[in-house]
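Peer 1: Structure incoming, see below.
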Amino acid sequence: RAVTLLRLESDLRRAIENHELCVYYQPIVSVEDRRLHGFEALVRWHHPERGIVLPTDFISLAEETGLILPLGLIVLREACYQLRRWQQRSLSDSDLIISVNLSGKQLTQPDLIERIEEILHESQLKPWHLKLEVTESVVMENPELAAATLGRLRGLGVRLSIDDFGTGYSSLSYLNRFPLDILKIDRSFISTMNQTEENLQIVKTIVTLAGNLGMQVIAEGVETEEQLNQLQLLKCQYAQGYLFSEPMDAAQADLFVLNRVNSS
Ligand code: C2E
Ligand code: MG
Ligand code: MG
């Protein structure tokens, strides 16, 4: 196991240097009319021998080794530039947003704020078009630090999302303590929503909770029309999932944006 990990680490180091990491984009759409709201940026590794490697196979190692810091910035920079290109192409796209995952280790990076400011400046992206996603467990690992860093990010004008909501931490008190704008309901609740009345009530309650706290709400992992219809009844604002599209590379996402613009 140790040898495998060591090998993976040196592979990942090389991948960063050789630009083997790339960003895939998964659409986030409005539940009401399926209009494109934006994309979540998800990292992929084009491994020379193994083909496409998914983040679940290397993100935790990247965290342990600190490689998540350069990796995170690569994804963030690429995603911001990509969104800017989409925005520049058509005025009607100027409201599109991009959502980027932020790991716990990145929150402890001393120059995180400066680097994000730099990327926003270079890419000329308005800060409110960038959303950063953190999970509940990341926030609760070190609440003081998280509150300070998230506060400074919010000060830049960047929007903040809580990812995988409902899976990480049982206390709700943190929702008020952090400057959060968006709540993403974890896929596990959405996939079981139409199975029992209890599961449906949980999703309903989360949507209401978000609304009462003045937060936007996104349902993750929407795979069926039935789920989408249900979310519409519950007045959930946004949805993301295979029903609309799997994460796609920049060229495919480009076509997705074009089609949306032409059909709306
Ligand atoms: P996440 O941020 O919760 O991203 C959503 C994950 O759910 C993605 O997996 C996406 O492909 C998958 N998904 C979306 N819709 C559906 C659906 O309808 N059904 C099913 N079964 N799955 C769906 P992915 O791309 O493998 O990413 C896994 C996790 O890795 C992400 O979860 C995120 O926590 C992490 N991750 C990905 N990219 C980055 C990154 O650039 N930086 C950091 N720190 N973490 C990342
Ligand atoms: Mg996410
Ligand atoms: Mg998630």
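Here, A, B, ... name the chains of the structure tokens in the order displayed, residue numbers run from 1 inside each chain, and ligands are numbered from 1 in the same displayed order.
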List as a ChimeraX atom specification the protein and nucleic acid residues lying within 7 Å of ligand 3, with only C-alpha atoms and all ligand atoms counted.
Peer 2: /A:163-164,184,186,220
Peer 1: Which chain A residues have any atom within 9 Å of an atom of ligand 1, and for each, what is the nearest pair of atoms with distance in Å to one decimal, counting only C-alpha atoms and all ligand atoms, rows sorted by chain and number, as JSON lines?
Peer 2:
{"residue": "A:Val23", "atom": "CA", "partner": "ligand 1", "partner_atom_place_in_ligand_line": "41 (O)", "distance": 7.5}
{"residue": "A:Tyr24", "atom": "CA", "partner": "ligand 1", "partner_atom_place_in_ligand_line": "25 (O)", "distance": 7.8}
{"residue": "A:Tyr25", "atom": "CA", "partner": "ligand 1", "partner_atom_place_in_ligand_line": "25 (O)", "distance": 8.9}
{"residue": "A:Gln26", "atom": "CA", "partner": "ligand 1", "partner_atom_place_in_ligand_line": "14 (C)", "distance": 7.2}
{"residue": "A:Glu40", "atom": "CA", "partner": "ligand 1", "partner_atom_place_in_ligand_line": "4 (O)", "distance": 7.7}
{"residue": "A:Ala41", "atom": "CA", "partner": "ligand 1", "partner_atom_place_in_ligand_line": "41 (O)", "distance": 6.6}
{"residue": "A:Leu42", "atom": "CA", "partner": "ligand 1", "partner_atom_place_in_ligand_line": "38 (N)", "distance": 3.8}
{"residue": "A:Val43", "atom": "CA", "partner": "ligand 1", "partner_atom_place_in_ligand_line": "38 (N)", "distance": 4.1}
{"residue": "A:Arg44", "atom": "CA", "partner": "ligand 1", "partner_atom_place_in_ligand_line": "38 (N)", "distance": 7.3}
{"residue": "A:Leu54", "atom": "CA", "partner": "ligand 1", "partner_atom_place_in_ligand_line": "26 (O)", "distance": 5.3}
{"residue": "A:Pro55", "atom": "CA", "partner": "ligand 1", "partner_atom_place_in_ligand_line": "30 (O)", "distance": 4.7}
{"residue": "A:Thr56", "atom": "CA", "partner": "ligand 1", "partner_atom_place_in_ligand_line": "30 (O)", "distance": 5.3}
{"residue": "A:Asp57", "atom": "CA", "partner": "ligand 1", "partner_atom_place_in_ligand_line": "30 (O)", "distance": 8.7}
{"residue": "A:Phe58", "atom": "CA", "partner": "ligand 1", "partner_atom_place_in_ligand_line": "30 (O)", "distance": 8.7}
{"residue": "A:Ile59", "atom": "CA", "partner": "ligand 1", "partner_atom_place_in_ligand_line": "45 (N)", "distance": 6.1}
{"residue": "A:Ser60", "atom": "CA", "partner": "ligand 1", "partner_atom_place_in_ligand_line": "44 (N)", "distance": 8.7}
{"residue": "A:Ala62", "atom": "CA", "partner": "ligand 1", "partner_atom_place_in_ligand_line": "44 (N)", "distance": 8.7}
{"residue": "A:Glu63", "atom": "CA", "partner": "ligand 1", "partner_atom_place_in_ligand_line": "44 (N)", "distance": 8.1}
{"residue": "A:Ile68", "atom": "CA", "partner": "ligand 1", "partner_atom_place_in_ligand_line": "44 (N)", "distance": 6.8}
{"residue": "A:Leu69", "atom": "CA", "partner": "ligand 1", "partner_atom_place_in_ligand_line": "44 (N)", "distance": 8.9}
{"residue": "A:Leu71", "atom": "CA", "partner": "ligand 1", "partner_atom_place_in_ligand_line": "41 (O)", "distance": 7.2}
{"residue": "A:Gly72", "atom": "CA", "partner": "ligand 1", "partner_atom_place_in_ligand_line": "42 (N)", "distance": 5.5}
{"residue": "A:Leu73", "atom": "CA", "partner": "ligand 1", "partner_atom_place_in_ligand_line": "41 (O)", "distance": 8.6}
{"residue": "A:Ile74", "atom": "CA", "partner": "ligand 1", "partner_atom_place_in_ligand_line": "41 (O)", "distance": 8.4}
{"residue": "A:Val75", "atom": "CA", "partner": "ligand 1", "partner_atom_place_in_ligand_line": "41 (O)", "distance": 5.5}
{"residue": "A:Leu76", "atom": "CA", "partner": "ligand 1", "partner_atom_place_in_ligand_line": "41 (O)", "distance": 7.5}
{"residue": "A:Val100", "atom": "CA", "partner": "ligand 1", "partner_atom_place_in_ligand_line": "41 (O)", "distance": 6.5}
{"residue": "A:Asn101", "atom": "CA", "partner": "ligand 1", "partner_atom_place_in_ligand_line": "42 (N)", "distance": 4.7}
{"residue": "A:Leu102", "atom": "CA", "partner": "ligand 1", "partner_atom_place_in_ligand_line": "44 (N)", "distance": 4.6}
{"residue": "A:Ser103", "atom": "CA", "partner": "ligand 1", "partner_atom_place_in_ligand_line": "44 (N)", "distance": 4.1}
{"residue": "A:Gly104", "atom": "CA", "partner": "ligand 1", "partner_atom_place_in_ligand_line": "44 (N)", "distance": 7.8}
{"residue": "A:Lys105", "atom": "CA", "partner": "ligand 1", "partner_atom_place_in_ligand_line": "44 (N)", "distance": 8.6}
{"residue": "A:Gln106", "atom": "CA", "partner": "ligand 1", "partner_atom_place_in_ligand_line": "44 (N)", "distance": 7.9}
{"residue": "A:Glu133", "atom": "CA", "partner": "ligand 1", "partner_atom_place_in_ligand_line": "2 (O)", "distance": 7.2}
{"residue": "A:Val134", "atom": "CA", "partner": "ligand 1", "partner_atom_place_in_ligand_line": "2 (O)", "distance": 8.4}
{"residue": "A:Thr135", "atom": "CA", "partner": "ligand 1", "partner_atom_place_in_ligand_line": "34 (O)", "distance": 7.9}
{"residue": "A:Asp163", "atom": "CA", "partner": "ligand 1", "partner_atom_place_in_ligand_line": "3 (O)", "distance": 6.1}
{"residue": "A:Asp164", "atom": "CA", "partner": "ligand 1", "partner_atom_place_in_ligand_line": "3 (O)", "distance": 5.7}
{"residue": "A:Lys184", "atom": "CA", "partner": "ligand 1", "partner_atom_place_in_ligand_line": "3 (O)", "distance": 8.5}
{"residue": "A:Asp186", "atom": "CA", "partner": "ligand 1", "partner_atom_place_in_ligand_line": "3 (O)", "distance": 7.4}
{"residue": "A:Arg187", "atom": "CA", "partner": "ligand 1", "partner_atom_place_in_ligand_line": "19 (N)", "distance": 7.2}
{"residue": "A:Ser191", "atom": "CA", "partner": "ligand 1", "partner_atom_place_in_ligand_line": "19 (N)", "distance": 8.4}
{"residue": "A:Glu220", "atom": "CA", "partner": "ligand 1", "partner_atom_place_in_ligand_line": "15 (N)", "distance": 6.2}
{"residue": "A:Gly221", "atom": "CA", "partner": "ligand 1", "partner_atom_place_in_ligand_line": "18 (O)", "distance": 3.4}
{"residue": "A:Val222", "atom": "CA", "partner": "ligand 1", "partner_atom_place_in_ligand_line": "18 (O)", "distance": 4.8}
{"residue": "A:Glu223", "atom": "CA", "partner": "ligand 1", "partner_atom_place_in_ligand_line": "18 (O)", "distance": 4.7}
{"residue": "A:Thr224", "atom": "CA", "partner": "ligand 1", "partner_atom_place_in_ligand_line": "18 (O)", "distance": 8.5}
{"residue": "A:Gln240", "atom": "CA", "partner": "ligand 1", "partner_atom_place_in_ligand_line": "15 (N)", "distance": 6.0}
{"residue": "A:Gly241", "atom": "CA", "partner": "ligand 1", "partner_atom_place_in_ligand_line": "15 (N)", "distance": 3.5}
{"residue": "A:Tyr242", "atom": "CA", "partner": "ligand 1", "partner_atom_place_in_ligand_line": "18 (O)", "distance": 3.8}
{"residue": "A:Leu243", "atom": "CA", "partner": "ligand 1", "partner_atom_place_in_ligand_line": "18 (O)", "distance": 6.4}
{"residue": "A:Phe244", "atom": "CA", "partner": "ligand 1", "partner_atom_place_in_ligand_line": "18 (O)", "distance": 8.3}
{"residue": "A:Ser245", "atom": "CA", "partner": "ligand 1", "partner_atom_place_in_ligand_line": "15 (N)", "distance": 7.7}
{"residue": "A:Glu246", "atom": "CA", "partner": "ligand 1", "partner_atom_place_in_ligand_line": "15 (N)", "distance": 6.2}
{"residue": "A:Pro247", "atom": "CA", "partner": "ligand 1", "partner_atom_place_in_ligand_line": "11 (O)", "distance": 5.7}
Peer 1: Let's see if you can do this: from backbone DSSP, list all strand (DSSP E or B) residues in range 55-221 of chain A, as a PyMOL selection string.
Peer 2: chain A and resi 97-101+130-135+159-165+182-185+216-219
Peer 1: Using DSSP on the backbone coordinates, identify all residues within range 94-239 of chain A classified as helix (DSSP H, G or I); present the result as a PyMOL selection string.
Peer 2: chain A and resi 104-107+112-123+127-129+136-141+143-156+174-177+187-192+197-212+225-233
Peer 1: Rounded to one decimal, what separation in Å do you get between CA of Gly38 in chain A and CA of Asp181 in chain A?
Peer 2: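 Atom-to-atom, CA of Gly38 in chain A to CA of Asp181 in chain A, that is 15.4 Å.
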Peer 1: When you count only C-alpha atoms, which of these residues is closest to Arg159 in chain A: A:Ile97, A:Ser173, A:Thr108, A:Ile190?
Peer 2: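 Between A:Ile97, A:Ser173, A:Thr108, A:Ile190, the residue approaching Arg159 in chain A most closely is A:Ile97.
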Peer 1: May I ask which of the residues A:Leu83, A:Ile116, A:Leu153, A:Ala219 is the closest one to ligand 2, counting only C-alpha atoms and all ligand atoms?
Peer 2: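 Among the listed residues, the smallest separation from ligand 2 belongs to A:Ala219.
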Peer 1: Measuring atom to atom with only C-alpha atoms, identify which of A:Thr149, A:Thr167, A:Thr196, A:Gln82 is nearest to Leu130 in chain A.
Peer 2: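 Selected residue with least distance to Leu130 in chain A: A:Gln82.
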Peer 1: Do a neighbour search on Ile206 in chain A at 12 Å with only C-alpha atoms, toss out local chain neighbours closer than 2 positions, and write the hits as a compact mmCIF listing (two decimals) with C-alpha atoms, in the first residue's frame.
Peer 2:
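Result file is selection-v7.txt:
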# COMPACT_ATOMS: atom_id res chain seq x y z
CA PHE A 165 -25.30 19.37 2.88
CA GLY A 166 -26.77 16.93 5.38
CA LEU A 172 -27.07 23.37 12.28
CA ILE A 182 -25.84 28.67 -1.24
CA LEU A 183 -26.76 25.28 0.13
CA LYS A 184 -26.24 22.15 -1.98
CA ILE A 185 -28.44 19.23 -0.91
CA ASP A 186 -26.42 16.02 -1.00
CA PHE A 189 -31.25 12.73 -0.20
CA ILE A 190 -32.26 13.38 -3.80
CA ASN A 199 -37.12 11.18 2.64
CA LEU A 200 -39.30 13.60 0.73
CA GLN A 201 -40.01 15.51 3.94
CA ILE A 202 -36.28 15.80 4.61
CA VAL A 203 -35.64 17.44 1.24
CA LYS A 204 -38.66 19.68 1.74
CA THR A 208 -37.44 25.54 3.54
CA LEU A 209 -34.46 25.92 5.88
CA ALA A 210 -32.34 27.41 3.09
CA GLY A 211 -35.15 29.79 2.13
CA ASN A 212 -35.67 30.93 5.72
CA LEU A 213 -31.94 31.64 6.07
CA MET A 215 -29.78 31.06 1.04
CA GLN A 216 -30.12 29.75 -2.51
CA VAL A 217 -30.57 26.00 -2.79
CA ILE A 218 -29.21 23.48 -5.32
CA ALA A 219 -30.21 19.81 -5.52
CA LEU A 231 -38.13 19.55 -6.79
CA LEU A 234 -40.89 21.92 -3.45
CA LYS A 235 -39.72 25.20 -5.06
CA CYS A 236 -36.07 24.18 -5.04
Peer 1: Could you pull the residues within 7 Å of range 8-20 of chain A, counting only C-alpha atoms, minus those fewer than 5 positions along the same chain, as a PyMOL selection string?
Peer 2: chain A and resi 45-47+71
Peer 1: Considering only C-alpha atoms and all ligand atoms, state which residue in the set A:Cys80, A:Leu132, A:Leu112, A:Leu6 is at the smallest distance from ligand 2.
Peer 2: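 Result for the nearest residue to ligand 2: A:Leu132.
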